[in-house]
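Asker: Just structure11.txt, nothing more (compact mmCIF, C-alpha atoms):
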```txt
# COMPACT_ATOMS: atom_id res chain seq x y z
CA MET L 1 7.82 13.08 -10.68
CA GLN L 2 7.03 10.92 -13.71
CA SER L 3 7.03 7.18 -13.14
CA THR L 4 9.83 5.00 -14.51
CA GLU L 5 10.69 1.33 -14.58
CA ALA L 6 14.18 0.10 -13.73
CA GLY L 7 14.12 -3.29 -15.37
CA ALA L 8 11.55 -6.03 -15.74
CA GLY L 9 11.69 -7.04 -12.06
CA VAL L 10 11.06 -3.54 -10.69
CA VAL L 11 7.84 -1.52 -10.88
CA HIS L 12 8.08 2.20 -9.97
CA GLY L 13 10.98 1.60 -7.60
CA ARG L 14 9.53 -1.55 -6.00
CA SER L 15 9.88 -5.18 -6.98
CA SER L 16 7.08 -6.79 -8.95
CA THR L 17 6.85 -9.36 -6.13
CA PHE L 18 5.99 -6.56 -3.71
CA THR L 19 3.27 -5.11 -5.95
CA THR L 20 1.83 -8.56 -6.61
CA LEU L 21 1.62 -9.38 -2.91
CA TYR L 22 0.22 -5.95 -2.11
CA SER L 23 -2.46 -6.33 -4.78
CA LEU L 24 -3.39 -9.79 -3.47
CA VAL L 25 -4.25 -8.12 -0.14
CA PHE L 26 -5.68 -4.84 -1.44
CA TRP L 27 -8.37 -6.15 -3.80
CA PRO L 28 -9.88 -8.78 -1.45
CA TYR L 29 -9.86 -6.18 1.34
CA LEU L 30 -11.70 -3.68 -0.87
CA LEU L 31 -14.31 -6.22 -1.95
CA ALA L 32 -14.93 -7.55 1.56
CA THR L 33 -15.21 -4.16 3.20
CA CYS L 34 -17.59 -2.86 0.52
CA VAL L 35 -20.24 -5.27 1.80
CA VAL L 36 -19.95 -4.10 5.40
CA LEU L 37 -19.49 -0.40 4.63
CA PHE L 38 -22.44 -0.32 2.26
CA ALA L 39 -24.64 -1.68 5.06
CA VAL L 40 -23.49 1.24 7.21
CA SER L 41 -24.10 3.62 4.30
CA LEU L 42 -27.68 2.37 3.95
CA LEU L 43 -28.22 2.85 7.68
CA VAL L 44 -26.82 6.39 7.52
CA PHE L 45 -29.13 7.16 4.60
CA LEU L 46 -32.24 5.83 6.36
CA ILE L 47 -31.50 7.72 9.57
CA THR L 48 -30.52 11.06 8.03
CA ALA L 49 -32.80 11.26 4.97
CA PRO L 50 -35.73 12.89 6.82
CA PHE L 51 -33.68 15.92 7.94
CA ASP L 52 -30.65 15.95 5.63
CA ARG L 53 -32.19 16.45 2.21
CA ARG L 54 -28.85 17.43 0.67
CA ARG L 55 -27.34 14.15 1.95
CA ARG L 56 -24.29 15.92 3.33
CA ILE L 57 -23.88 13.46 6.20
CA LEU L 58 -24.03 10.52 3.79
CA HIS L 59 -21.53 12.28 1.52
CA ARG L 60 -19.09 12.76 4.42
CA TYR L 61 -19.38 9.09 5.26
CA THR L 62 -18.86 8.16 1.61
CA CYS L 63 -15.74 10.34 1.52
CA TRP L 64 -14.35 8.49 4.52
CA TRP L 65 -15.28 5.10 3.04
CA ALA L 66 -13.60 5.75 -0.30
CA ALA L 67 -10.62 7.74 0.96
CA HIS L 68 -9.45 5.21 3.53
CA TYR L 69 -8.45 2.72 0.82
CA LEU L 70 -5.77 5.15 -0.33
CA ALA L 71 -5.15 7.62 2.48
CA TRP L 72 -4.81 4.95 5.20
CA ALA L 73 -3.21 2.19 3.16
CA PRO L 74 0.29 1.07 4.17
CA PHE L 75 3.02 2.83 2.14
CA ALA L 76 0.42 5.21 0.67
CA SER L 77 -0.76 8.74 1.46
CA VAL L 78 -2.95 11.53 0.11
CA LYS L 79 -2.00 15.17 0.52
CA VAL L 80 -4.69 17.78 -0.21
CA GLU L 81 -3.65 21.38 -0.90
CA GLY L 82 -5.51 24.54 -1.86
CA LYS L 83 -8.92 23.99 -0.24
CA GLU L 84 -8.79 27.61 0.91
CA HIS L 85 -9.57 28.56 -2.70
CA VAL L 86 -13.11 27.23 -2.43
CA ARG L 87 -14.18 28.51 0.97
CA GLY L 88 -17.49 30.28 0.65
CA ILE L 89 -17.80 30.15 -3.15
CA GLY L 90 -21.07 28.20 -3.18
CA ALA L 91 -22.06 25.96 -6.07
CA CYS L 92 -19.34 25.25 -8.63
CA VAL L 93 -18.15 22.69 -11.15
CA TYR L 94 -15.03 20.83 -10.07
CA VAL L 95 -12.88 19.43 -12.87
CA SER L 96 -9.71 17.38 -12.62
CA ASN L 97 -7.32 15.39 -14.74
CA HIS L 98 -7.96 11.66 -14.94
CA GLN L 99 -4.99 9.30 -14.63
CA SER L 100 -6.23 6.20 -12.84
CA MET L 101 -9.19 4.41 -11.29
CA VAL L 102 -7.88 5.52 -7.87
CA ASP L 103 -8.42 9.16 -8.86
CA ILE L 104 -11.89 8.75 -7.35
CA LEU L 105 -10.42 7.65 -4.02
CA ALA L 106 -8.03 10.62 -4.06
CA VAL L 107 -10.83 13.07 -4.84
CA PHE L 108 -12.96 11.73 -1.99
CA ALA L 109 -9.99 12.30 0.33
CA SER L 110 -10.46 16.04 -0.26
CA TYR L 111 -13.82 15.92 1.58
CA LEU L 112 -15.15 18.58 -0.79
CA ASP L 113 -18.93 18.72 -1.26
CA PHE L 114 -20.03 17.58 -4.72
CA LEU L 115 -22.12 15.19 -6.77
CA TRP L 116 -20.49 12.90 -9.32
CA ILE L 117 -21.59 12.56 -12.92
CA SER L 118 -20.85 8.98 -13.88
CA LYS L 119 -21.52 6.32 -16.51
CA ARG L 120 -24.89 4.68 -16.00
CA GLU L 121 -23.26 1.23 -15.84
CA ASN L 122 -21.42 2.19 -12.66
CA PHE L 123 -24.70 2.55 -10.77
CA TYR L 124 -25.42 -1.15 -11.24
CA ALA L 125 -22.18 -2.27 -9.55
CA PRO L 126 -22.97 -4.07 -6.28
CA PHE L 127 -22.48 -1.98 -3.15
CA LEU L 128 -20.39 0.82 -4.69
CA GLY L 129 -22.94 1.57 -7.40
CA TRP L 130 -25.81 1.24 -4.96
CA ASN L 131 -24.13 3.79 -2.72
CA MET L 132 -23.93 6.13 -5.73
CA VAL L 133 -27.72 5.85 -6.02
CA LEU L 134 -28.17 6.67 -2.33
CA ASN L 135 -25.99 9.77 -2.74
CA GLY L 136 -28.05 11.02 -5.66
CA TYR L 137 -25.24 11.07 -8.20
CA ILE L 138 -26.18 11.77 -11.81
CA PRO L 139 -26.05 8.93 -14.37
CA LEU L 140 -25.12 9.26 -18.03
CA LYS L 141 -25.29 6.83 -20.94
CA ARG L 142 -22.50 7.93 -23.23
CA GLY L 143 -23.43 8.65 -26.82
CA TYR L 144 -27.17 8.39 -26.16
CA LEU L 145 -28.77 11.78 -26.77
CA PRO L 146 -31.86 11.40 -24.52
CA SER L 147 -29.62 10.39 -21.61
CA ILE L 148 -27.30 13.33 -22.27
CA ARG L 149 -30.27 15.70 -22.27
CA ARG L 150 -31.58 14.25 -19.00
CA MET L 151 -28.11 14.56 -17.49
CA VAL L 152 -27.77 18.21 -18.53
CA ARG L 153 -31.22 19.00 -17.17
CA ALA L 154 -30.44 17.28 -13.85
CA CYS L 155 -27.06 19.02 -13.57
CA ARG L 156 -28.53 22.46 -14.17
CA GLU L 157 -31.22 21.81 -11.57
CA LYS L 158 -28.63 20.65 -9.03
CA LEU L 159 -26.42 23.68 -9.64
CA ALA L 160 -29.40 26.01 -9.34
CA ALA L 161 -30.25 24.34 -6.01
CA GLY L 162 -26.74 25.04 -4.70
CA HIS L 163 -25.08 21.67 -5.28
CA SER L 164 -21.59 21.39 -6.77
CA LEU L 165 -20.68 18.86 -9.47
CA PHE L 166 -17.51 16.88 -10.15
CA ILE L 167 -16.55 15.98 -13.71
CA PHE L 168 -13.50 14.48 -15.42
CA PRO L 169 -13.50 16.63 -18.60
CA GLU L 170 -11.06 14.33 -20.40
CA GLY L 171 -13.82 11.72 -20.35
CA THR L 172 -11.45 8.81 -19.80
CA ARG L 173 -8.11 8.07 -18.17
CA SER L 174 -5.02 9.51 -19.80
CA PRO L 175 -2.78 6.77 -21.23
CA ASP L 176 0.44 8.50 -20.11
CA GLY L 177 -0.72 10.76 -17.26
CA THR L 178 -0.49 13.95 -19.33
CA ILE L 179 -3.66 16.04 -19.46
CA GLN L 180 -5.56 15.29 -22.68
CA SER L 181 -8.10 17.40 -24.60
CA PHE L 182 -11.35 18.31 -22.82
CA PHE L 183 -15.00 17.75 -23.63
CA ARG L 184 -17.14 20.84 -23.30
CA GLY L 185 -19.89 19.57 -20.97
CA ALA L 186 -18.49 20.83 -17.66
CA PHE L 187 -17.84 24.28 -19.10
CA TYR L 188 -21.25 24.50 -20.75
CA LEU L 189 -22.89 23.78 -17.38
CA ALA L 190 -20.74 26.30 -15.51
CA ASN L 191 -21.31 28.97 -18.13
CA LYS L 192 -25.08 28.45 -18.37
CA ASN L 193 -25.51 28.48 -14.59
CA ARG L 194 -23.02 31.32 -14.04
CA VAL L 195 -20.99 29.31 -11.51
CA PRO L 196 -17.19 29.01 -11.30
CA VAL L 197 -15.09 26.13 -12.52
CA VAL L 198 -12.63 24.89 -9.90
CA PRO L 199 -9.64 23.09 -11.46
CA ILE L 200 -7.99 20.26 -9.52
CA VAL L 201 -4.71 18.62 -10.47
CA LEU L 202 -4.05 15.04 -9.33
CA GLU L 203 -0.52 13.74 -9.32
CA GLY L 204 0.75 10.27 -8.41
CA THR L 205 -2.36 8.20 -9.01
CA ASN L 206 -1.05 6.84 -12.31
CA ARG L 207 1.88 5.33 -10.42
CA VAL L 208 -0.39 3.77 -7.79
CA LEU L 209 -2.60 2.05 -10.36
CA PRO L 210 -1.66 2.54 -14.02
CA LYS L 211 -4.31 2.37 -16.71
CA ARG L 212 -5.10 -1.20 -17.81
CA SER L 213 -3.36 -2.65 -14.76
CA ALA L 214 -4.65 -4.35 -11.60
CA ARG L 215 -1.32 -4.19 -9.77
CA VAL L 216 -1.35 -1.67 -6.94
CA ASN L 217 1.91 0.14 -6.21
CA PRO L 218 1.20 2.30 -3.11
CA GLY L 219 2.79 5.71 -2.87
CA PRO L 220 2.11 9.40 -2.24
CA VAL L 221 -0.71 11.15 -4.08
CA LEU L 222 -1.25 14.89 -4.30
CA VAL L 223 -4.62 16.59 -4.76
CA ARG L 224 -4.07 20.28 -5.53
CA VAL L 225 -7.10 22.58 -5.71
CA LEU L 226 -6.50 25.65 -7.87
CA ALA L 227 -8.21 29.03 -7.78
CA PRO L 228 -11.70 29.10 -9.31
CA VAL L 229 -12.21 30.46 -12.81
CA TYR L 230 -15.43 32.46 -13.21
CA PRO L 231 -17.28 32.57 -16.54
CA SER L 232 -17.37 36.37 -16.23
CA GLU L 233 -13.55 36.42 -16.42
CA VAL L 234 -13.74 35.20 -20.03
CA GLY L 235 -16.84 37.12 -21.09
CA TYR L 236 -19.08 34.07 -20.66
CA ASP L 237 -17.31 32.40 -23.57
CA GLU L 238 -17.62 28.65 -23.02
CA GLN L 239 -14.71 27.69 -25.30
CA GLU L 240 -12.44 30.30 -23.72
CA LEU L 241 -13.43 29.09 -20.25
CA MET L 242 -12.42 25.57 -21.24
CA ARG L 243 -9.14 26.77 -22.73
CA VAL L 244 -8.17 28.87 -19.70
CA VAL L 245 -8.94 26.08 -17.23
CA ARG L 246 -7.00 23.49 -19.23
CA GLU L 247 -3.99 25.81 -19.61
CA ARG L 248 -3.90 26.44 -15.87
CA MET L 249 -4.08 22.73 -15.14
CA LEU L 250 -1.34 21.96 -17.66
CA ALA L 251 0.89 24.68 -16.18
CA GLU L 252 0.35 23.29 -12.67
CA GLN L 253 1.05 19.74 -13.82
CA ARG L 254 4.31 20.89 -15.43
CA ARG L 255 5.28 22.67 -12.20
CA LEU L 256 4.61 19.58 -10.11
CA ARG L 257 6.58 17.32 -12.43
CA SER L 258 9.55 19.65 -12.57
CA GLN L 259 9.95 19.69 -8.78
```
Can you give me the file's structure in the form of structure tokens?

Answerer:
Amino acid sequence: MQSTEAGAGVVHGRSSTFTTLYSLVFWPYLLATCVVLFAVSLLVFLITAPFDRRRRILHRYTCWWAAHYLAWAPFASVKVEGKEHVRGIGACVYVSNHQSMVDILAVFASYLDFLWISKRENFYAPFLGWNMVLNGYIPLKRGYLPSIRRMVRACREKLAAGHSLFIFPEGTRSPDGTIQSFFRGAFYLANKNRVPVVPIVLEGTNRVLPKRSARVNPGPVLVRVLAPVYPSEVGYDEQELMRVVRERMLAEQRRLRSQ
């Protein structure tokens, strides 16, 4: 399932002309609809805030908003598998591999309940960042200790209140799609709050929008939710929790790519 190029004029099985034309439609459509859909998001927030303190209705709307760019796009699709693994587990920390900017769209297509942890700069982005503020996502300034401490405090409070979190433990997009080493933050939070880590493996997003590229090549994307890993399974050992989760994700990625 790994992407290949068959000559300079072909990108992932399609001509570069096709991907160029597709991108010339996709990006203006995304930018234009963000204005309209954010207005709806603000309306949803104002109407539901008094009785929906957990912002679940707004989150469902946000899932639809983000997912439709990928799940409904011509020549594209998102298949979600394994959601039965998380039925009734309560608060957890979702982690997934990170291949592409469209990973976020694929994750939203799962319609799982979670809060994102994201770079502080993203919250300033017009419309999309403002919607992140409305949803109550948690900002982080990388490398700045006071911000990291505030983020950890906020995450622990959210987990204790029954919210789930979503984190890309690689920290940045993989250059070749293969799962890279993990940072410990997600596993520290899960271990301290005694909540499970739910691994998710994304496949296909690096072909849709490769790292450092703006050319969109639509195609199928798979979101596979794996069985949760509980800190108690590894004796509440944070490093072992991280190792077990990464090994399971690597094994699943190898299985997917061998099919």

Asker: Around the point (-14.4, 27.5, -15.2) in the file's coordinates, collect all residues with an atom within 9 Å, using only C-alpha atoms, and return them as a tab-separated table (two decimals) with C-alpha atoms, in the coordinates of the input.

Answerer:
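Wrote it out as result_18.tsv, contents follow:
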```tsv
chain	number	residue	atom	x	y	z
L	92	CYS	CA	-19.34	25.25	-8.63
L	93	VAL	CA	-18.15	22.69	-11.15
L	94	TYR	CA	-15.03	20.83	-10.07
L	95	VAL	CA	-12.88	19.43	-12.87
L	186	ALA	CA	-18.49	20.83	-17.66
L	187	PHE	CA	-17.84	24.28	-19.10
L	190	ALA	CA	-20.74	26.30	-15.51
L	191	ASN	CA	-21.31	28.97	-18.13
L	195	VAL	CA	-20.99	29.31	-11.51
L	196	PRO	CA	-17.19	29.01	-11.30
L	197	VAL	CA	-15.09	26.13	-12.52
L	198	VAL	CA	-12.63	24.89	-9.90
L	199	PRO	CA	-9.64	23.09	-11.46
L	228	PRO	CA	-11.70	29.10	-9.31
L	229	VAL	CA	-12.21	30.46	-12.81
L	230	TYR	CA	-15.43	32.46	-13.21
L	231	PRO	CA	-17.28	32.57	-16.54
L	238	GLU	CA	-17.62	28.65	-23.02
L	241	LEU	CA	-13.43	29.09	-20.25
L	242	MET	CA	-12.42	25.57	-21.24
L	244	VAL	CA	-8.17	28.87	-19.70
L	245	VAL	CA	-8.94	26.08	-17.23
```

Asker: I'd like the interatomic distance between CA of Gly235 in chain L and CA of Tyr188 in chain L, to a tenth of an Å.

Answerer: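 Pair CA of Gly235 in chain L / CA of Tyr188 in chain L returns 13.4 Å.
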
Asker: Choose the residue, out of L:Arg257, L:Ala251, L:Val86, L:Val36, that has the smallest atom-to-atom separation from Ala227 in chain L; count all atoms listed in the file.

Answerer: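 Of all the options, L:Val86 lies closest to Ala227 in chain L.
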
Asker: Choose the residue, out of L:Thr19, L:Leu37, L:Leu159, L:Ser110, that has the smallest atom-to-atom separation from Val80 in chain L; count only C-alpha atoms.

Answerer: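 Using only C-alpha atoms, Val80 in chain L sits closest to L:Ser110.
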
Asker: Quick one: pull the distance between CA of Ser96 in chain L and CA of Leu42 in chain L, Å, one decimal.

Answerer: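 About the pair CA of Ser96 in chain L and CA of Leu42 in chain L: they are 28.7 Å apart.
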
Asker: Which of these, L:Glu240, L:Asp103, L:Glu247, L:Asp52, has the shortest distance to Ser174 in chain L once you count only C-alpha atoms?

Answerer: L:Asp103

Asker: Distance CA of Arg173 in chain L-CA of Lys211 in chain L, one decimal place?

Answerer: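 These atoms are spaced 7.0 Å apart.
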
Asker: Range 118-132 of chain L: which residues within 9 Å, counting all atoms listed in the file, same-chain residues fewer than 4 positions away excluded, as a VMD selection string?

Answerer: chain L and resid 34 to 35 37 to 39 41 to 42 62 136 to 142 167

Asker: Check the smallest atom-to-atom distance from each of L:Leu24, L:Phe18, L:Arg246, L:Ala49 to Leu134 in chain L using only C-alpha atoms, then report the winner.

Answerer: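 Looking at the shortest contact to Leu134 in chain L, the residue is L:Ala49.
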